[in-house]
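**Q** What follows is input07.txt, made up of compact mmCIF, C-alpha atoms:
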# COMPACT_ATOMS: atom_id res chain seq x y z
CA MET A 23 97.12 129.86 179.05
CA THR A 24 95.61 128.19 182.12
CA ASP A 25 97.71 128.26 185.26
CA PRO A 26 98.08 124.55 186.22
CA SER A 27 98.02 125.47 189.90
CA ALA A 28 94.69 127.27 189.61
CA THR A 29 91.62 125.58 191.03
CA ALA A 30 87.96 126.49 190.96
CA SER A 31 88.26 127.90 194.48
CA ALA A 32 91.18 130.09 193.38
CA VAL A 33 89.22 131.91 190.67
CA PRO A 34 89.31 135.65 191.49
CA THR A 35 86.01 137.16 192.58
CA PRO A 36 84.93 140.77 193.04
CA PRO A 37 85.22 142.42 196.45
CA ASP A 38 82.10 141.98 198.56
CA PRO A 39 80.67 144.54 198.43
CA PHE A 40 82.10 146.01 195.24
CA PHE A 41 80.16 149.25 195.71
CA THR A 42 78.64 150.87 198.76
CA VAL A 43 76.22 153.80 198.68
CA GLY A 44 76.72 156.72 201.08
CA THR A 45 74.58 159.86 201.13
CA ARG A 46 71.59 160.04 198.78
CA LEU A 47 70.05 163.14 197.24
CA ALA A 48 66.36 163.76 197.77
CA ASN A 49 65.65 162.91 194.10
CA GLY A 50 66.70 159.30 194.77
CA LEU A 51 69.25 159.31 191.94
CA GLY A 52 72.33 161.29 192.95
CA ARG A 53 74.53 159.86 195.68
CA THR A 54 77.96 159.51 197.15
CA GLY A 55 79.56 156.10 197.49
CA THR A 56 82.69 153.99 197.39
CA ILE A 57 83.93 151.57 194.72
CA HIS A 58 86.23 148.94 196.24
CA THR A 59 89.01 147.70 193.93
CA PRO A 60 92.13 145.56 194.42
CA HIS A 61 94.23 148.73 194.16
CA GLY A 62 92.27 150.92 196.52
CA ASP A 63 88.91 152.59 197.03
CA ILE A 64 87.38 155.19 194.74
CA HIS A 65 85.22 157.69 196.64
CA THR A 66 82.38 158.76 194.39
CA PRO A 67 81.37 160.88 192.63
CA ALA A 68 84.85 160.89 191.13
CA PHE A 69 86.59 162.25 188.06
CA VAL A 70 88.75 159.58 186.42
CA GLY A 71 91.85 161.03 184.75
CA VAL A 72 92.48 159.92 181.17
CA GLY A 73 95.88 158.42 180.40
CA THR A 74 95.04 157.22 176.90
CA LYS A 75 98.35 155.53 176.05
CA ALA A 76 99.24 154.68 179.66
CA THR A 77 100.16 158.29 180.32
CA VAL A 78 98.39 161.56 180.96
CA LYS A 79 100.08 163.70 178.34
CA ALA A 80 102.84 165.96 179.71
CA VAL A 81 102.36 164.90 183.36
CA LEU A 82 104.04 162.22 185.49
CA PRO A 83 101.74 159.57 187.03
CA GLU A 84 103.21 160.56 190.41
CA ALA A 85 102.02 164.11 189.81
CA MET A 86 98.49 162.86 189.11
CA LYS A 87 98.49 161.16 192.50
CA GLU A 88 99.56 164.42 194.17
CA LEU A 89 96.73 166.23 192.37
CA GLY A 90 94.20 163.98 194.08
CA VAL A 91 93.23 161.85 191.08
CA GLN A 92 91.85 158.59 192.44
CA ALA A 93 91.91 156.50 189.27
CA LEU A 94 93.23 156.62 185.70
CA LEU A 95 91.70 155.32 182.48
CA ALA A 96 93.72 154.00 179.54
CA ASN A 97 92.59 153.05 176.06
CA ALA A 98 92.45 149.47 174.83
CA TYR A 99 92.55 150.43 171.15
CA HIS A 100 95.71 152.54 171.43
CA LEU A 101 97.58 150.16 173.74
CA TYR A 102 96.68 147.19 171.53
CA LEU A 103 98.27 148.95 168.56
CA GLN A 104 101.24 150.28 170.53
CA PRO A 105 103.10 148.82 172.40
CA GLY A 106 100.80 145.76 172.37
CA SER A 107 98.64 144.43 175.20
CA ASP A 108 100.92 141.40 175.54
CA ILE A 109 103.81 143.69 176.49
CA VAL A 110 101.70 145.45 179.13
CA ASP A 111 100.70 142.04 180.48
CA GLU A 112 104.32 140.91 180.62
CA ALA A 113 105.16 144.09 182.55
CA GLY A 114 102.65 143.10 185.24
CA GLY A 115 99.63 145.01 184.01
CA LEU A 116 98.76 148.61 183.29
CA GLY A 117 99.47 149.98 186.78
CA LYS A 118 102.95 148.52 187.04
CA PHE A 119 103.74 149.40 183.43
CA MET A 120 103.04 153.10 184.04
CA ASN A 121 104.10 153.23 187.71
CA TRP A 122 100.60 153.97 189.00
CA ASP A 123 99.58 152.08 192.15
CA GLY A 124 95.95 153.27 192.27
CA PRO A 125 92.80 151.94 190.59
CA THR A 126 92.72 151.76 186.80
CA PHE A 127 90.06 151.62 184.08
CA THR A 128 90.31 150.58 180.44
CA ASP A 129 87.68 151.23 177.80
CA SER A 130 86.83 148.58 175.23
CA GLY A 131 88.23 150.29 172.14
CA GLY A 132 84.79 150.68 170.57
CA PHE A 133 84.81 154.47 170.84
CA GLN A 134 88.17 154.83 169.07
CA VAL A 135 87.29 152.32 166.37
CA MET A 136 84.25 154.44 165.56
CA SER A 137 85.62 157.95 166.11
CA LEU A 138 88.93 157.35 164.34
CA GLY A 139 87.39 154.98 161.84
CA VAL A 140 84.87 157.50 160.53
CA GLY A 141 86.77 160.69 161.27
CA PHE A 142 84.80 162.23 164.13
CA LYS A 143 86.30 164.27 166.93
CA LYS A 144 86.98 162.52 170.23
CA VAL A 145 84.20 164.35 172.05
CA LEU A 146 80.89 163.42 170.47
CA ALA A 147 78.57 165.92 172.14
CA MET A 148 76.53 167.33 169.28
CA ASP A 149 73.16 168.57 168.17
CA ALA A 150 70.84 166.12 166.46
CA VAL A 151 70.27 168.28 163.37
CA GLY A 152 70.68 167.54 159.70
CA VAL A 153 70.03 164.50 157.52
CA ARG A 154 70.26 161.17 159.30
CA SER A 155 71.98 158.23 157.63
CA ASP A 156 72.83 154.56 158.26
CA ASP A 157 76.36 155.22 156.98
CA VAL A 158 77.52 158.31 158.87
CA ILE A 159 81.06 159.52 158.21
CA ALA A 160 82.76 162.84 158.82
CA GLU A 161 83.01 165.10 155.79
CA GLY A 162 86.20 164.62 153.79
CA LYS A 163 87.21 161.45 155.68
CA GLU A 164 87.83 157.90 154.50
CA ARG A 165 85.92 155.14 156.28
CA LEU A 166 88.45 153.04 158.17
CA ALA A 167 86.03 150.91 160.21
CA HIS A 168 83.27 148.50 159.12
CA VAL A 169 80.80 147.01 161.59
CA ASP A 170 79.03 143.66 161.24
CA ASP A 171 77.14 141.50 163.72
CA ASP A 172 80.29 139.64 164.75
CA GLY A 173 82.58 142.64 165.35
CA VAL A 174 84.48 145.46 163.66
CA THR A 175 87.18 145.38 160.99
CA PHE A 176 89.31 148.50 160.90
CA LYS A 177 92.50 150.02 159.61
CA SER A 178 95.06 151.30 162.09
CA HIS A 179 95.28 155.09 162.14
CA LEU A 180 99.05 154.61 162.65
CA ASP A 181 100.09 152.57 159.61
CA GLY A 182 96.94 151.48 157.76
CA SER A 183 97.27 147.83 158.79
CA ARG A 184 94.02 145.84 159.06
CA HIS A 185 92.73 144.57 162.40
CA ARG A 186 89.64 142.85 163.77
CA PHE A 187 87.93 143.55 167.11
CA THR A 188 85.22 141.25 168.40
CA PRO A 189 83.80 141.06 171.93
CA GLU A 190 86.19 138.20 172.64
CA VAL A 191 89.21 140.09 171.29
CA SER A 192 88.35 143.19 173.33
CA MET A 193 88.04 141.08 176.50
CA ARG A 194 91.38 139.37 175.86
CA ILE A 195 93.11 142.72 175.28
CA GLN A 196 91.61 144.25 178.43
CA HIS A 197 92.47 141.22 180.55
CA GLN A 198 96.05 141.52 179.37
CA LEU A 199 96.04 145.23 180.22
CA GLY A 200 94.89 144.24 183.70
CA ALA A 201 92.80 147.25 184.76
CA ASP A 202 90.58 147.04 187.84
CA ILE A 203 87.54 148.08 185.80
CA MET A 204 86.95 147.44 182.11
CA PHE A 205 84.06 147.89 179.70
CA ALA A 206 82.18 145.50 177.45
CA PHE A 207 82.67 145.94 173.71
CA ASP A 208 79.87 148.04 172.25
CA GLU A 209 78.96 149.80 169.04
CA LEU A 210 79.04 153.57 169.38
CA THR A 211 76.61 155.41 167.13
CA THR A 212 76.16 159.13 166.52
CA LEU A 213 73.05 161.26 166.84
CA MET A 214 72.97 161.39 163.05
CA ASN A 215 72.27 157.68 162.57
CA THR A 216 68.68 156.78 161.71
CA ARG A 217 66.24 155.46 164.28
CA GLY A 218 66.30 152.09 162.52
CA TYR A 219 70.05 151.84 162.78
CA GLN A 220 69.96 152.82 166.46
CA GLU A 221 67.56 149.93 167.09
CA GLN A 222 69.87 147.48 165.32
CA SER A 223 72.86 148.84 167.21
CA VAL A 224 71.24 148.38 170.63
CA GLU A 225 70.45 144.77 169.73
CA ARG A 226 74.00 144.23 168.46
CA THR A 227 75.54 145.73 171.60
CA GLN A 228 73.28 143.48 173.70
CA ALA A 229 74.44 140.39 171.82
CA TRP A 230 78.07 141.48 172.20
CA ALA A 231 77.52 141.99 175.93
CA VAL A 232 76.46 138.36 176.32
CA ARG A 233 79.65 137.28 174.58
CA CYS A 234 81.75 139.66 176.69
CA ILE A 235 80.50 138.17 179.96
CA ALA A 236 81.16 134.62 178.73
CA GLU A 237 84.71 135.48 177.62
CA HIS A 238 85.33 137.50 180.77
CA GLU A 239 84.44 134.54 182.99
CA LYS A 240 86.63 132.20 180.97
CA LEU A 241 89.62 134.53 181.12
CA THR A 242 89.10 135.26 184.82
CA ALA A 243 89.37 131.53 185.54
CA GLN A 244 92.42 131.14 183.31
CA ARG A 245 94.21 134.14 184.83
CA ALA A 246 93.76 133.27 188.50
CA HIS A 247 97.21 134.72 189.22
CA ARG A 248 95.79 138.20 188.58
CA PRO A 249 93.36 140.21 190.75
CA TYR A 250 89.69 140.23 189.74
CA GLN A 251 88.81 142.74 187.02
CA ALA A 252 85.33 144.23 187.21
CA LEU A 253 83.34 144.34 183.96
CA PHE A 254 80.87 147.13 183.15
CA GLY A 255 78.19 146.85 180.49
CA VAL A 256 77.68 149.87 178.22
CA VAL A 257 74.28 151.48 177.61
CA GLN A 258 73.61 152.81 174.13
CA GLY A 259 70.41 154.12 172.53
CA ALA A 260 71.35 157.68 171.57
CA GLN A 261 68.59 160.24 172.20
CA TYR A 262 65.69 157.75 172.33
CA GLU A 263 64.12 157.08 175.74
CA ASP A 264 62.67 153.67 174.86
CA LEU A 265 65.99 152.45 173.44
CA ARG A 266 67.98 153.68 176.45
CA ARG A 267 65.60 151.98 178.87
CA GLN A 268 65.52 148.83 176.73
CA ALA A 269 69.32 148.75 176.67
CA CYS A 270 69.52 149.09 180.47
CA ARG A 271 67.03 146.31 181.09
CA GLY A 272 68.74 144.09 178.55
CA LEU A 273 72.17 144.50 180.12
CA GLU A 274 70.81 143.92 183.61
CA SER A 275 69.25 140.62 182.49
CA ILE A 276 72.57 139.10 181.36
CA VAL A 277 74.01 136.58 183.79
CA GLY A 278 77.05 134.39 183.26
CA GLU A 279 77.65 130.80 184.35
CA SER A 280 78.97 132.11 187.67
CA GLY A 281 75.55 133.57 188.41
CA ARG A 282 76.94 137.11 188.27
CA GLY A 283 76.07 139.80 185.78
CA PHE A 284 77.88 143.06 185.11
CA ASP A 285 79.66 144.64 188.07
CA GLY A 286 78.60 148.12 186.97
CA TYR A 287 77.45 150.07 183.93
CA GLY A 288 78.78 152.68 181.56
CA ILE A 289 76.48 155.21 179.90
CA GLY A 290 77.86 155.74 176.42
CA GLY A 291 77.01 157.17 173.06
CA ALA A 292 76.82 160.66 171.66
CA LEU A 293 74.63 162.84 173.85
CA GLU A 294 72.88 166.13 173.22
CA LYS A 295 74.33 168.48 175.82
CA GLN A 296 70.99 170.13 176.50
CA ASN A 297 69.42 166.71 177.19
CA LEU A 298 72.30 165.21 179.16
CA GLY A 299 70.46 165.08 182.48
CA THR A 300 67.31 163.63 180.94
CA ILE A 301 69.19 160.87 179.11
CA VAL A 302 71.23 160.00 182.19
CA ARG A 303 68.05 159.90 184.28
CA TRP A 304 66.41 157.43 181.89
CA CYS A 305 69.36 155.12 182.46
CA THR A 306 69.81 155.50 186.19
CA GLU A 307 66.09 154.96 186.81
CA GLU A 308 66.48 151.55 185.16
CA LEU A 309 69.90 150.44 186.38
CA PRO A 310 70.32 148.69 189.76
CA GLU A 311 71.22 151.25 192.40
CA HIS A 312 73.65 148.93 194.20
CA LYS A 313 76.02 148.98 191.20
CA PRO A 314 78.18 151.95 190.06
CA ARG A 315 77.48 153.97 186.91
CA HIS A 316 80.16 155.57 184.76
CA LEU A 317 79.48 158.29 182.18
CA LEU A 318 81.94 158.21 179.31
CA GLY A 319 83.40 161.52 178.16
CA ILE A 320 82.24 164.69 179.99
CA SER A 321 84.29 167.45 181.60
CA GLU A 322 82.56 170.87 181.70
CA PRO A 323 81.45 172.03 185.17
CA ASP A 324 77.74 172.28 184.31
CA ASP A 325 77.79 168.78 182.78
CA MET A 326 79.42 167.40 185.94
CA PHE A 327 76.73 168.80 188.22
CA VAL A 328 73.93 167.57 185.95
CA ALA A 329 75.39 164.08 185.60
CA ILE A 330 76.07 163.66 189.31
CA GLU A 331 72.63 164.95 190.31
CA HIS A 332 71.08 162.33 188.05
CA GLY A 333 73.01 159.40 189.46
CA VAL A 334 76.42 159.16 187.78
CA ASP A 335 79.17 157.92 190.11
CA THR A 336 82.30 158.27 187.95
CA PHE A 337 83.15 159.91 184.65
CA ASP A 338 86.16 160.64 182.49
CA CYS A 339 87.24 163.06 179.80
CA VAL A 340 90.46 164.08 178.04
CA ASN A 341 89.43 167.74 178.00
CA PRO A 342 91.36 169.06 181.02
CA SER A 343 94.67 167.91 179.54
CA ARG A 344 93.81 168.50 175.88
CA VAL A 345 92.73 172.12 176.24
CA ALA A 346 95.71 172.77 178.55
CA ARG A 347 98.07 171.97 175.68
CA ASN A 348 96.31 174.71 173.72
CA ALA A 349 96.75 177.30 176.51
CA ALA A 350 93.16 177.06 177.79
CA ILE A 351 92.95 177.39 181.56
CA TYR A 352 90.12 176.43 183.92
CA HIS A 353 89.46 179.02 186.63
CA PRO A 354 86.60 179.54 189.11
CA ASP A 355 85.69 182.69 187.14
CA GLY A 356 85.58 180.86 183.82
CA ARG A 357 87.92 179.42 181.21
CA PHE A 358 90.47 181.68 179.51
CA ASN A 359 93.45 181.45 177.16
CA ILE A 360 96.71 182.32 178.85
CA ASN A 361 98.62 182.97 175.64
CA THR A 362 96.80 186.26 174.98
CA SER A 363 98.68 189.54 175.35
CA ARG A 364 96.96 190.67 178.56
CA PHE A 365 98.93 188.07 180.54
CA ARG A 366 102.36 189.13 179.30
CA ARG A 367 103.07 191.14 182.46
CA ASP A 368 100.69 189.37 184.85
CA PHE A 369 102.89 188.15 187.72
CA THR A 370 100.10 186.52 189.70
CA PRO A 371 99.29 182.78 189.86
CA ILE A 372 96.68 181.28 187.56
CA ASP A 373 94.43 181.05 190.63
CA GLU A 374 95.55 182.43 193.99
CA ASP A 375 93.22 180.01 195.81
CA CYS A 376 94.45 176.91 193.95
CA ASP A 377 96.80 174.56 195.79
CA CYS A 378 98.34 172.89 192.73
CA TYR A 379 102.10 172.91 192.07
CA THR A 380 101.73 175.31 189.16
CA CYS A 381 99.79 177.94 191.10
CA ARG A 382 102.14 177.68 194.07
CA HIS A 383 105.31 178.24 192.03
CA TYR A 384 104.63 179.98 188.70
CA THR A 385 103.02 183.13 187.34
CA ARG A 386 100.70 183.75 184.44
CA ALA A 387 103.44 185.82 182.78
CA TYR A 388 105.89 182.93 182.89
CA ILE A 389 103.40 180.43 181.49
CA HIS A 390 102.43 182.95 178.80
CA HIS A 391 106.12 183.19 177.89
CA LEU A 392 106.44 179.39 177.70
CA PHE A 393 103.60 179.14 175.19
CA LYS A 394 105.01 181.96 173.06
CA ALA A 395 108.44 180.29 173.17
CA LYS A 396 106.82 176.93 172.31
CA GLU A 397 108.36 175.29 175.35
CA MET A 398 107.02 171.86 176.40
CA LEU A 399 106.88 172.95 180.03
CA ALA A 400 103.86 175.09 179.16
CA SER A 401 101.74 171.99 178.57
CA THR A 402 102.95 170.37 181.77
CA LEU A 403 102.17 173.34 184.01
CA CYS A 404 98.75 173.99 182.50
CA THR A 405 97.77 170.32 182.58
CA ILE A 406 98.70 170.11 186.26
CA HIS A 407 96.41 173.04 187.01
CA ASN A 408 93.47 171.90 184.86
CA GLU A 409 93.52 168.38 186.28
CA ARG A 410 93.63 169.74 189.82
CA PHE A 411 90.78 172.16 189.07
CA THR A 412 88.63 169.30 187.80
CA VAL A 413 89.44 166.92 190.64
CA ARG A 414 88.81 169.59 193.28
CA LEU A 415 85.52 170.58 191.64
CA VAL A 416 84.21 167.02 191.91
CA ASP A 417 85.60 166.57 195.42
CA GLU A 418 83.68 169.69 196.47
CA ILE A 419 80.49 168.35 194.88
CA ARG A 420 80.91 165.11 196.84
CA ALA A 421 81.42 167.07 200.07
CA ALA A 422 78.34 169.20 199.29
CA ILE A 423 76.18 166.09 198.86
CA ASP A 424 77.42 164.65 202.14
CA GLY A 425 76.97 168.02 203.83
CA GLY A 426 73.46 168.62 202.48
CA TYR A 427 74.21 171.90 200.69
CA LEU A 428 74.52 170.84 197.04
CA GLU A 429 71.96 173.32 195.65
CA GLU A 430 73.66 176.33 197.23
CA HIS A 431 77.09 175.09 196.14
CA LYS A 432 75.91 174.49 192.59
CA ALA A 433 74.36 177.96 192.27
CA GLU A 434 77.48 179.66 193.59
CA THR A 435 79.97 177.59 191.54
CA LEU A 436 78.18 177.72 188.20
CA GLY A 437 77.06 181.32 188.68
CA ARG A 438 80.68 182.35 189.09
CA PHE A 439 82.12 180.12 186.35
CA TYR A 440 79.62 181.17 183.66
CA ALA A 441 79.15 184.81 184.76
CA ARG A 442 81.07 186.16 181.74
CA ARG A 443 78.82 184.45 179.22
Using structure tokens, write down the structure from this file.
**A**
Amino acid sequence: MTDPSATASAVPTPPDPFFTVGTRLANGLGRTGTIHTPHGDIHTPAFVGVGTKATVKAVLPEAMKELGVQALLANAYHLYLQPGSDIVDEAGGLGKFMNWDGPTFTDSGGFQVMSLGVGFKKVLAMDAVGVRSDDVIAEGKERLAHVDDDGVTFKSHLDGSRHRFTPEVSMRIQHQLGADIMFAFDELTTLMNTRGYQEQSVERTQAWAVRCIAEHEKLTAQRAHRPYQALFGVVQGAQYEDLRRQACRGLESIVGESGRGFDGYGIGGALEKQNLGTIVRWCTEELPEHKPRHLLGISEPDDMFVAIEHGVDTFDCVNPSRVARNAAIYHPDGRFNINTSRFRRDFTPIDEDCDCYTCRHYTRAYIHHLFKAKEMLASTLCTIHNERFTVRLVDEIRAAIDGGYLEEHKAETLGRFYARR
């Protein structure tokens, strides 16, 4: 509903500048920088913590702030289904709803519609092997989502109720959620779709992007009582160089009635791990360098270095918290499971050099006991550590770029982390 007191001059606009570039790598792609949002600056490269349902599982939002997380990402699909984006809006937006005063992101819901709708795991890194199909679905799963040129019809994974997402619906949901940065609605494919389907999907995502910008501008004017929300376009194209470059150029060409295009870009889609850097490079060579780039869904140390070196500014992944709930611990000497018997009488911290709350107050033996006793505190303590490990890793990469010693830092960090393999 339009605020009767709003005028054209009162329409929220993005900060000027929205993004500033700091130190550049010699390759011309990797860089440090700063994203300026209404709720604070994000110093890049930065890891964005994932609070899917307006919470990072097992950890207080206040704890995430203490861990050095600069921004949190929530999920439009999940919050639309529960509690409802209108309730989050009534609460004052995502940040106020979850008691987080820093920058926030929301994704468009397209990933969850696809991954839950066809039964794939949440992390879609895979090898492009096997028979390709235009109707990919995980083995033994029922198709819950159906895509057409206008949008996606899907069944809720909660109760089986039917819903419809279009670019306009996704924009309305995300405006109600009120994040500082949101993403255009896109169609996520897998590496197992045919080349022909990938071509159709890139064209469909381009058409949806045009509609997203139009709806975004309309809602921004109507909701002048809220701070400006930046909108990122999403690059698809799977493992095909020409489609990735085509998608980037297509998104960059879209301009709304305001004369502005996308405020930044997300690099999406299932990626072959071994080709991550190459695919990211295709995109960052095409995208405007004065706008930020976000890579959706990575978390392993080697992937972080590769992505950042090739021009990614921010990225997110649920992995640090998800694996923590299964007793998997990140450590400078590699990942290990703390619920194995060798830690039963280990009265040392997870990492003696880590400054997180868990490492300063608890031992491996105690955390091992918590997992064996099936105590919820186990998930909390391990998530605190894993999130801090990830944040500190990226902070150190940023410092290494600014300090001019990235190559040495990369060799030392990855050599130590993967030495056991």
**Q** Counting only C-alpha atoms, which residues of range 181-225 of chain A fall within 12 Å of range 232-256 of chain A, and what is the closest atom pair for each with its distance in Å at one decimal, ordered by chain and rising number, as CSV?
**A**
residue,atom,partner,partner_atom,distance
A:Thr188,CA,A:Cys234,CA,9.1
A:Pro189,CA,A:Cys234,CA,5.4
A:Glu190,CA,A:Glu237,CA,5.9
A:Val191,CA,A:Glu237,CA,9.0
A:Ser192,CA,A:Cys234,CA,8.2
A:Met193,CA,A:His238,CA,6.2
A:Arg194,CA,A:Leu241,CA,7.4
A:Ile195,CA,A:Leu241,CA,10.6
A:Gln196,CA,A:Gln251,CA,9.2
A:His197,CA,A:Leu241,CA,7.3
A:Gln198,CA,A:Arg245,CA,9.4
A:Leu199,CA,A:Gln251,CA,10.2
A:Gly200,CA,A:Gln251,CA,7.1
A:Ala201,CA,A:Gln251,CA,6.4
A:Asp202,CA,A:Gln251,CA,4.7
A:Ile203,CA,A:Ala252,CA,4.7
A:Met204,CA,A:Leu253,CA,5.1
A:Phe205,CA,A:Phe254,CA,4.8
A:Ala206,CA,A:Gly255,CA,5.2
A:Phe207,CA,A:Cys234,CA,7.0
A:Asp208,CA,A:Val256,CA,6.6
A:Glu209,CA,A:Val256,CA,9.3
A:Leu210,CA,A:Val256,CA,9.7
A:Val224,CA,A:Val256,CA,10.1
A:Glu225,CA,A:Val232,CA,11.0
**Q** Go ahead and dump the residues you just picked, C-alpha atoms, as a PDB file, keeping the file's coordinate frame.
**A**
ATOM      1  CA  THR A 188      85.220 141.250 168.400  1.00  0.00           C
ATOM      2  CA  PRO A 189      83.800 141.060 171.930  1.00  0.00           C
ATOM      3  CA  GLU A 190      86.190 138.200 172.640  1.00  0.00           C
ATOM      4  CA  VAL A 191      89.210 140.090 171.290  1.00  0.00           C
ATOM      5  CA  SER A 192      88.350 143.190 173.330  1.00  0.00           C
ATOM      6  CA  MET A 193      88.040 141.080 176.500  1.00  0.00           C
ATOM      7  CA  ARG A 194      91.380 139.370 175.860  1.00  0.00           C
ATOM      8  CA  ILE A 195      93.110 142.720 175.280  1.00  0.00           C
ATOM      9  CA  GLN A 196      91.610 144.250 178.430  1.00  0.00           C
ATOM     10  CA  HIS A 197      92.470 141.220 180.550  1.00  0.00           C
ATOM     11  CA  GLN A 198      96.050 141.520 179.370  1.00  0.00           C
ATOM     12  CA  LEU A 199      96.040 145.230 180.220  1.00  0.00           C
ATOM     13  CA  GLY A 200      94.890 144.240 183.700  1.00  0.00           C
ATOM     14  CA  ALA A 201      92.800 147.250 184.760  1.00  0.00           C
ATOM     15  CA  ASP A 202      90.580 147.040 187.840  1.00  0.00           C
ATOM     16  CA  ILE A 203      87.540 148.080 185.800  1.00  0.00           C
ATOM     17  CA  MET A 204      86.950 147.440 182.110  1.00  0.00           C
ATOM     18  CA  PHE A 205      84.060 147.890 179.700  1.00  0.00           C
ATOM     19  CA  ALA A 206      82.180 145.500 177.450  1.00  0.00           C
ATOM     20  CA  PHE A 207      82.670 145.940 173.710  1.00  0.00           C
ATOM     21  CA  ASP A 208      79.870 148.040 172.250  1.00  0.00           C
ATOM     22  CA  GLU A 209      78.960 149.800 169.040  1.00  0.00           C
ATOM     23  CA  LEU A 210      79.040 153.570 169.380  1.00  0.00           C
ATOM     24  CA  VAL A 224      71.240 148.380 170.630  1.00  0.00           C
ATOM     25  CA  GLU A 225      70.450 144.770 169.730  1.00  0.00           C
TER      26      GLU A 225
END
**Q** Write out as an NGL selection string the residues lying within 12 Å of Arg184 in chain A, counting all atoms listed in the file and excluding same-chain residues fewer than 3 positions away.
**A** :A and (103 or 135 or 139 or 166-168 or 174-181 or 187)
**Q** If you count all atoms listed in the file, which residues fall within 7 Å of range 57-69 of chain A, apart from same-chain ones fewer than 4 positions away, as an MDAnalysis selection string?
**A** chainID A and resid 37 40:42 92 123:125 202 249 330 335:338 413 416 420
**Q** Using all atoms listed in the file, can you list as a ChimeraX atom specification the residues within 12 Å of (91.7, 174.4, 173.9)?
**A** /A:340-352,357-361,401,404-405,408
**Q** Which residue is closest to Gly52 in chain A? Choose from A:Glu311, A:Glu274, A:Asp171, A:Asp325 and count all atoms listed in the file.
**A**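 Smallest distance to Gly52 in chain A is found for A:Glu311.
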**Q** Sort by chain and increasing residue number a table of all residues of range 66-103 of chain A within 12 Å of range 112-117 of chain A, each with its closest pair of atoms and their distance in Å to one decimal, counting only C-alpha atoms, and write it as a tab-separated table.
**A**
residue	atom	partner	partner_atom	distance
A:Gly73	CA	A:Leu116	CA	10.6
A:Thr74	CA	A:Leu116	CA	11.3
A:Lys75	CA	A:Leu116	CA	10.0
A:Ala76	CA	A:Leu116	CA	7.1
A:Thr77	CA	A:Leu116	CA	10.2
A:Pro83	CA	A:Gly117	CA	9.9
A:Glu84	CA	A:Gly117	CA	11.8
A:Ala93	CA	A:Gly117	CA	10.3
A:Leu94	CA	A:Gly117	CA	9.2
A:Leu95	CA	A:Leu116	CA	9.8
A:Ala96	CA	A:Leu116	CA	8.3
A:Asn97	CA	A:Leu116	CA	10.5
A:Ala98	CA	A:Leu116	CA	10.6
A:Leu101	CA	A:Leu116	CA	9.7
**Q** Quick one: distance from CA of Asp417 in chain A to CA of Val70 in chain A in Å, one decimal?
**A**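 Those two atoms sit 11.8 Å apart.
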**Q** For a quick check of your reading of the model, name the residues lying within 12 Å of the coordinate (100.6, 180.1, 191.5), counting only C-alpha atoms, and write them as a PyMOL selection string.
**A** chain A and resi 368-389+403-404+406-407
**Q** Only C-alpha atoms, please: the residues just picked out, written as a PDB file, in the coordinates of the input.
**A**
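Now in selection-v2.pdb:
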ATOM      1  CA  ASP A 368     100.690 189.370 184.850  1.00  0.00           C
ATOM      2  CA  PHE A 369     102.890 188.150 187.720  1.00  0.00           C
ATOM      3  CA  THR A 370     100.100 186.520 189.700  1.00  0.00           C
ATOM      4  CA  PRO A 371      99.290 182.780 189.860  1.00  0.00           C
ATOM      5  CA  ILE A 372      96.680 181.280 187.560  1.00  0.00           C
ATOM      6  CA  ASP A 373      94.430 181.050 190.630  1.00  0.00           C
ATOM      7  CA  GLU A 374      95.550 182.430 193.990  1.00  0.00           C
ATOM      8  CA  ASP A 375      93.220 180.010 195.810  1.00  0.00           C
ATOM      9  CA  CYS A 376      94.450 176.910 193.950  1.00  0.00           C
ATOM     10  CA  ASP A 377      96.800 174.560 195.790  1.00  0.00           C
ATOM     11  CA  CYS A 378      98.340 172.890 192.730  1.00  0.00           C
ATOM     12  CA  TYR A 379     102.100 172.910 192.070  1.00  0.00           C
ATOM     13  CA  THR A 380     101.730 175.310 189.160  1.00  0.00           C
ATOM     14  CA  CYS A 381      99.790 177.940 191.100  1.00  0.00           C
ATOM     15  CA  ARG A 382     102.140 177.680 194.070  1.00  0.00           C
ATOM     16  CA  HIS A 383     105.310 178.240 192.030  1.00  0.00           C
ATOM     17  CA  TYR A 384     104.630 179.980 188.700  1.00  0.00           C
ATOM     18  CA  THR A 385     103.020 183.130 187.340  1.00  0.00           C
ATOM     19  CA  ARG A 386     100.700 183.750 184.440  1.00  0.00           C
ATOM     20  CA  ALA A 387     103.440 185.820 182.780  1.00  0.00           C
ATOM     21  CA  TYR A 388     105.890 182.930 182.890  1.00  0.00           C
ATOM     22  CA  ILE A 389     103.400 180.430 181.490  1.00  0.00           C
ATOM     23  CA  LEU A 403     102.170 173.340 184.010  1.00  0.00           C
ATOM     24  CA  CYS A 404      98.750 173.990 182.500  1.00  0.00           C
ATOM     25  CA  ILE A 406      98.700 170.110 186.260  1.00  0.00           C
ATOM     26  CA  HIS A 407      96.410 173.040 187.010  1.00  0.00           C
TER      27      HIS A 407
END
**Q** One decimal, in Å: what's the spacing between CA of Gly132 in chain A and CA of Pro39 in chain A?
**A** 28.8 Å
**Q** Take CA of Thr212 in chain A and CA of Leu51 in chain A and report the distance between them in Å, one decimal.
**A**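 Here the two named atoms are 26.3 Å from each other.
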